[in-house]
file upload.tsv (TSV, C-alpha atoms)
chain	number	residue	atom	x	y	z
T	17	MET	CA	0.00	0.00	0.00
T	18	ASP	CA	1.46	3.31	-1.09
T	19	LEU	CA	-0.05	6.74	-0.40
T	20	ARG	CA	2.95	8.83	-1.40
T	21	GLY	CA	1.88	12.12	-2.90
T	22	LYS	CA	-1.72	11.80	-1.71
T	23	LYS	CA	-3.11	14.73	0.24
T	24	ILE	CA	-5.54	13.53	2.91
T	25	GLY	CA	-7.67	15.66	5.17
T	26	VAL	CA	-7.95	13.85	8.51
T	27	CYS	CA	-10.99	15.06	10.44
T	28	MET	CA	-11.80	14.22	14.03
T	29	THR	CA	-15.18	14.86	15.66
T	30	GLY	CA	-16.35	14.41	19.22
T	31	SER	CA	-16.55	10.66	19.81
T	32	PHE	CA	-13.73	11.00	22.32
T	33	CYS	CA	-13.86	7.37	23.46
T	34	THR	CA	-12.54	6.27	20.04
T	35	PHE	CA	-9.58	8.65	19.73
T	36	GLU	CA	-7.14	6.03	21.05
T	37	LYS	CA	-8.17	3.71	18.20
T	38	VAL	CA	-8.15	6.38	15.49
T	39	ILE	CA	-4.73	7.90	16.22
T	40	PRO	CA	-2.68	4.78	15.26
T	41	GLN	CA	-4.45	4.68	11.89
T	42	LEU	CA	-3.57	8.31	11.21
T	43	LYS	CA	0.03	7.48	12.06
T	44	LYS	CA	-0.15	4.59	9.60
T	45	LEU	CA	-1.39	6.94	6.85
T	46	SER	CA	1.61	9.16	7.50
T	47	ASP	CA	3.96	6.16	7.47
T	48	LEU	CA	2.49	5.16	4.09
T	49	GLY	CA	3.66	8.50	2.70
T	50	ALA	CA	0.46	10.56	2.72
T	51	ASP	CA	0.52	14.30	3.35
T	52	LEU	CA	-2.01	14.87	6.12
T	53	LEU	CA	-4.01	18.02	6.82
T	54	PRO	CA	-5.56	17.91	10.33
T	55	ILE	CA	-9.10	19.22	10.85
T	56	MET	CA	-11.08	19.05	14.09
T	57	SER	CA	-14.64	19.95	14.95
T	58	GLU	CA	-14.93	22.79	17.40
T	59	ASN	CA	-15.93	20.38	20.18
T	60	ALA	CA	-13.14	17.89	19.48
T	61	TYR	CA	-10.66	20.76	19.40
T	62	SER	CA	-11.72	22.40	22.65
T	63	TRP	CA	-13.39	19.97	25.07
T	64	ASP	CA	-11.52	18.37	27.95
T	65	THR	CA	-13.11	14.98	28.76
T	66	LYS	CA	-12.47	11.89	30.87
T	67	PHE	CA	-10.55	10.56	27.86
T	68	GLY	CA	-8.00	13.35	28.15
T	69	PRO	CA	-7.55	17.10	27.85
T	70	ALA	CA	-8.15	18.65	24.45
T	71	LYS	CA	-4.54	19.83	24.28
T	72	LYS	CA	-3.29	16.23	24.50
T	73	TRP	CA	-5.19	15.24	21.36
T	74	ARG	CA	-4.30	18.45	19.53
T	75	ASP	CA	-0.61	17.92	20.26
T	76	ILE	CA	-0.71	14.29	19.10
T	77	LEU	CA	-2.52	15.18	15.88
T	78	GLU	CA	-0.13	18.02	15.06
T	79	GLN	CA	2.86	15.80	15.81
T	80	ILE	CA	1.62	13.11	13.39
T	81	THR	CA	0.65	15.51	10.61
T	82	ARG	CA	3.34	18.15	11.16
T	83	GLU	CA	0.64	20.76	10.43
T	84	LYS	CA	-1.45	23.18	12.45
T	85	ILE	CA	-5.01	22.02	13.01
T	86	ILE	CA	-7.85	23.66	11.10
T	87	HIS	CA	-10.65	24.20	13.62
T	88	THR	CA	-12.84	26.95	12.14
T	89	ILE	CA	-15.12	27.22	9.13
T	90	ILE	CA	-12.99	30.08	7.84
T	91	GLY	CA	-9.90	27.90	8.09
T	92	ALA	CA	-11.54	25.07	6.16
T	93	GLU	CA	-13.14	27.22	3.46
T	94	PRO	CA	-10.07	27.33	1.10
T	95	ILE	CA	-10.09	23.52	0.75
T	96	GLY	CA	-12.78	23.65	-1.95
T	97	PRO	CA	-11.66	26.43	-4.26
T	98	GLY	CA	-8.01	25.51	-3.76
T	99	LYS	CA	-8.66	21.83	-4.51
T	100	LEU	CA	-6.26	21.06	-1.69
T	101	LEU	CA	-7.11	17.41	-0.95
T	102	ASP	CA	-7.41	14.08	-2.75
T	103	VAL	CA	-9.59	12.57	-0.03
T	104	VAL	CA	-11.09	13.51	3.33
T	105	VAL	CA	-11.55	10.94	6.10
T	106	VAL	CA	-13.75	11.70	9.10
T	107	ALA	CA	-12.69	9.45	11.98
T	108	PRO	CA	-14.54	9.31	14.22
T	109	ALA	CA	-17.72	10.52	12.52
T	110	THR	CA	-20.34	11.14	15.20
T	111	GLY	CA	-24.08	10.82	14.74
T	112	ASN	CA	-24.31	14.60	14.85
T	113	THR	CA	-21.76	14.95	12.04
T	114	ILE	CA	-23.42	12.23	9.98
T	115	SER	CA	-26.82	13.86	10.38
T	116	ALA	CA	-25.49	17.27	9.40
T	117	LEU	CA	-23.76	15.86	6.31
T	118	ALA	CA	-26.88	13.97	5.25
T	119	ASN	CA	-28.97	17.12	5.52
T	120	GLY	CA	-26.64	19.62	3.88
T	121	ILE	CA	-25.66	21.49	7.05
T	122	THR	CA	-22.27	23.22	6.98
T	123	ASP	CA	-21.83	24.80	10.40
T	124	GLY	CA	-18.37	23.55	11.32
T	125	PRO	CA	-14.90	22.98	9.84
T	126	VAL	CA	-15.27	19.22	9.33
T	127	LEU	CA	-18.58	19.72	7.54
T	128	MET	CA	-17.01	22.43	5.38
T	129	ALA	CA	-14.13	20.11	4.46
T	130	CYS	CA	-16.56	17.36	3.39
T	131	LYS	CA	-18.68	19.82	1.40
T	132	ALA	CA	-15.50	20.99	-0.34
T	133	GLN	CA	-14.66	17.43	-1.38
T	134	TRP	CA	-18.12	16.78	-2.77
T	135	ARG	CA	-17.96	20.10	-4.60
T	136	ASN	CA	-14.74	18.94	-6.23
T	137	ASN	CA	-16.13	15.47	-7.03
T	138	CYS	CA	-13.59	13.90	-4.67
T	139	PRO	CA	-14.05	11.15	-2.07
T	140	VAL	CA	-15.18	11.49	1.53
T	141	VAL	CA	-14.53	8.51	3.83
T	142	LEU	CA	-16.61	8.18	7.01
T	143	ALA	CA	-15.69	6.09	10.05
T	144	ILE	CA	-18.93	5.95	12.03
T	145	SER	CA	-19.09	6.14	15.82
T	146	THR	CA	-22.56	6.78	17.20
T	147	ASN	CA	-24.80	5.39	19.92
T	148	ASP	CA	-27.91	5.85	17.77
T	149	GLY	CA	-26.71	4.37	14.48
T	150	LEU	CA	-29.60	1.89	14.49
T	151	GLY	CA	-31.95	4.52	15.89
T	152	ILE	CA	-32.84	7.93	14.52
T	153	CYS	CA	-29.42	8.28	12.87
T	154	ALA	CA	-30.01	5.17	10.72
T	155	LYS	CA	-31.85	7.14	8.03
T	156	ASN	CA	-28.96	9.60	7.77
T	157	ILE	CA	-26.42	6.80	7.45
T	158	GLY	CA	-28.61	5.39	4.68
T	159	ILE	CA	-28.65	8.73	2.87
T	160	LEU	CA	-24.85	8.88	2.97
T	161	HIS	CA	-24.48	5.29	1.75
T	162	ASP	CA	-26.31	6.43	-1.37
T	163	LYS	CA	-24.42	9.73	-1.81
T	164	GLN	CA	-21.93	9.92	-4.64
T	165	ASN	CA	-18.24	10.06	-3.62
T	166	THR	CA	-19.03	8.89	-0.07
T	167	TYR	CA	-17.44	5.73	1.31
T	168	MET	CA	-17.82	3.96	4.65
T	169	VAL	CA	-15.13	2.37	6.77
T	170	PRO	CA	-16.59	-1.08	7.55
T	171	TYR	CA	-18.61	-0.99	10.75
T	172	GLY	CA	-20.78	-3.02	13.10
T	173	GLN	CA	-22.47	-3.09	16.48
T	174	ASP	CA	-19.84	-2.74	19.17
T	175	LEU	CA	-21.85	-3.58	22.33
T	176	PRO	CA	-25.18	-4.94	21.08
T	177	TYR	CA	-26.26	-6.38	24.46
T	178	LYS	CA	-25.60	-3.12	26.32
T	179	LYS	CA	-26.04	-0.47	23.59
T	180	GLU	CA	-28.27	-2.13	21.03
T	181	LYS	CA	-28.40	0.85	18.65
T	182	SER	CA	-24.69	1.69	18.73
T	183	LEU	CA	-22.53	1.44	15.59
T	184	VAL	CA	-18.76	1.82	15.45
T	185	ALA	CA	-16.32	1.57	12.56
T	186	HIS	CA	-13.49	-0.93	12.45
T	187	PHE	CA	-10.91	1.85	12.47
T	188	GLU	CA	-8.13	-0.53	11.45
T	189	TYR	CA	-9.69	-0.53	7.96
T	190	ILE	CA	-9.22	3.23	7.47
T	191	PRO	CA	-6.14	2.91	5.20
T	192	ASP	CA	-7.73	0.19	3.04
T	193	THR	CA	-10.98	2.14	2.74
T	194	ILE	CA	-9.08	5.23	1.62
T	195	MET	CA	-7.14	3.24	-0.97
T	196	THR	CA	-10.31	1.79	-2.50
T	197	ALA	CA	-12.12	5.15	-2.30
T	198	LEU	CA	-9.33	6.73	-4.33
T	199	ASP	CA	-10.27	4.17	-7.01
T	200	ASN	CA	-13.96	5.17	-6.64
T	201	LYS	CA	-14.84	1.86	-4.98
T	202	GLN	CA	-16.32	0.89	-1.63
T	203	LEU	CA	-14.28	-1.52	0.49
T	204	GLN	CA	-16.31	-4.67	1.10
T	205	PRO	CA	-17.88	-6.01	3.18
T	206	ILE	CA	-19.28	-2.87	4.78
T	207	LEU	CA	-21.04	-4.61	7.67
T	208	VAL	CA	-18.63	-6.54	9.87
T	209	PRO	CA	-19.63	-7.73	13.37
T	210	HIS	CA	-17.53	-6.68	16.34
T	211	VAL	CA	-18.71	-9.64	18.42
T	212	GLN	CA	-19.83	-13.23	17.96
T	213	ILE	CA	-23.56	-13.76	17.58
T	214	ASN	CA	-25.02	-14.93	20.87
T	215	GLN	CA	-26.35	-18.42	20.06
call {"tool": "encode", "arguments": {"input": "upload.tsv", "output": "structure tokens"}}
result
Amino acid sequence: MDLRGKKIGVCMTGSFCTFEKVIPQLKKLSDLGADLLPIMSENAYSWDTKFGPAKKWRDILEQITREKIIHTIIGAEPIGPGKLLDVVVVAPATGNTISALANGITDGPVLMACKAQWRNNCPVVLAISTNDGLGICAKNIGILHDKQNTYMVPYGQDLPYKKEKSLVAHFEYIPDTIMTALDNKQLQPILVPHVQINQ
């Protein structure tokens, strides 16, 4: 797998519990030769949580990408007209982000980056992480499955016996999903269980 010369926007939104799983995949993208542009939602950029202070995650992301984080709509706006990126990956992509994307809302930097990619007929890769993926967010996920130039990192139910509507991406498939998206293909299978079926 070779991503040398590819410019990838790496967007993080506020599913803080998944950051530890996402970060190694971003490091892998860098190791594969990609040029990474970091973008964070306003919440991901600024909130301190039980999973760590915001500065910790900002520092890690800037260390991996060797770039300053875009965290405002104004900062993300040049991505479209400048045709700055080959692909954008949103990992994690919260239910809020998914719902906004499905309904054409552009009120944050990550949403602006995705809109820019679609405007330029370029791929957007989404790594879902939401507690209501099989609830009210399901219709929005469905809309995005059917949207041109949108690709899903394979996902499944993470804790079906405790959080029956929760969906989470298999973040380890981020590099492979990006590679296939760059060829205008969806990595298959999309639905992959996290746990064994309870017989």
call {"tool": "atom_distance", "arguments": {"input": "upload.tsv", "atom1": "atom CA of Glu58 of chain T", "atom2": "atom CA of Ala154 of chain T"}}
result
24.1 Å
call {"tool": "atom_distance", "arguments": {"input": "upload.tsv", "atom1": "atom CA of Ile114 of chain T", "atom2": "atom CA of Asp199 of chain T"}}
result
22.9 Å
call {"tool": "atom_distance", "arguments": {"input": "upload.tsv", "atom1": "atom CA of Ile159 of chain T", "atom2": "atom CA of Ile144 of chain T"}}
result
13.6 Å
call {"tool": "closest_residue", "arguments": {"input": "upload.tsv", "among": "T:Asp123, T:Glu93, T:Asp102, T:Asp174", "to": "His186 of chain T", "atoms": "only C-alpha atoms"}}
result
T:Asp174
call {"tool": "closest_residue", "arguments": {"input": "upload.tsv", "among": "T:Lys99, T:Lys66, T:Lys84, T:Lys43", "to": "Asn137 of chain T", "atoms": "only C-alpha atoms"}}
result
T:Lys99
call {"tool": "residues_around", "arguments": {"input": "upload.tsv", "residues": "Cys138 of chain T", "least_positions_apart": "4", "cutoff": "7 Å", "atoms": "all atoms listed in the file", "output": "VMD selection string"}}
result
chain T and resid 102 to 103 133 to 134 165
call {"tool": "closest_residue", "arguments": {"input": "upload.tsv", "among": "T:Thr193, T:Ser115, T:Thr65, T:Ser57", "to": "Ala129 of chain T", "atoms": "only C-alpha atoms"}}
result
T:Ser57
call {"tool": "closest_residue", "arguments": {"input": "upload.tsv", "among": "T:Glu78, T:Glu83, T:Glu36, T:Asp18", "to": "Asp192 of chain T", "atoms": "all atoms listed in the file"}}
result
T:Asp18
call {"tool": "closest_residue", "arguments": {"input": "upload.tsv", "among": "T:Asn119, T:Gln79, T:Gln164, T:Thr110", "to": "Asn147 of chain T", "atoms": "all atoms listed in the file"}}
result
T:Thr110
call {"tool": "residues_near_point", "arguments": {"input": "upload.tsv", "point": "(-19.8, -8.7, 16.2)", "cutoff": "12 Å", "atoms": "only C-alpha atoms", "output": "list in words"}}
result
Pro170, Tyr171, Gly172, Gln173, Asp174, Leu175, Pro176, Tyr177, Glu180, Ser182, Leu183, Val184, Ala185, His186, Leu207, Val208, Pro209, His210, Val211, Gln212, Ile213 and Asn214 of chain T
call {"tool": "closest_residue", "arguments": {"input": "upload.tsv", "among": "T:Gly30, T:Gly149, T:Gly68, T:Pro125", "to": "Pro108 of chain T", "atoms": "only C-alpha atoms"}}
result
T:Gly30
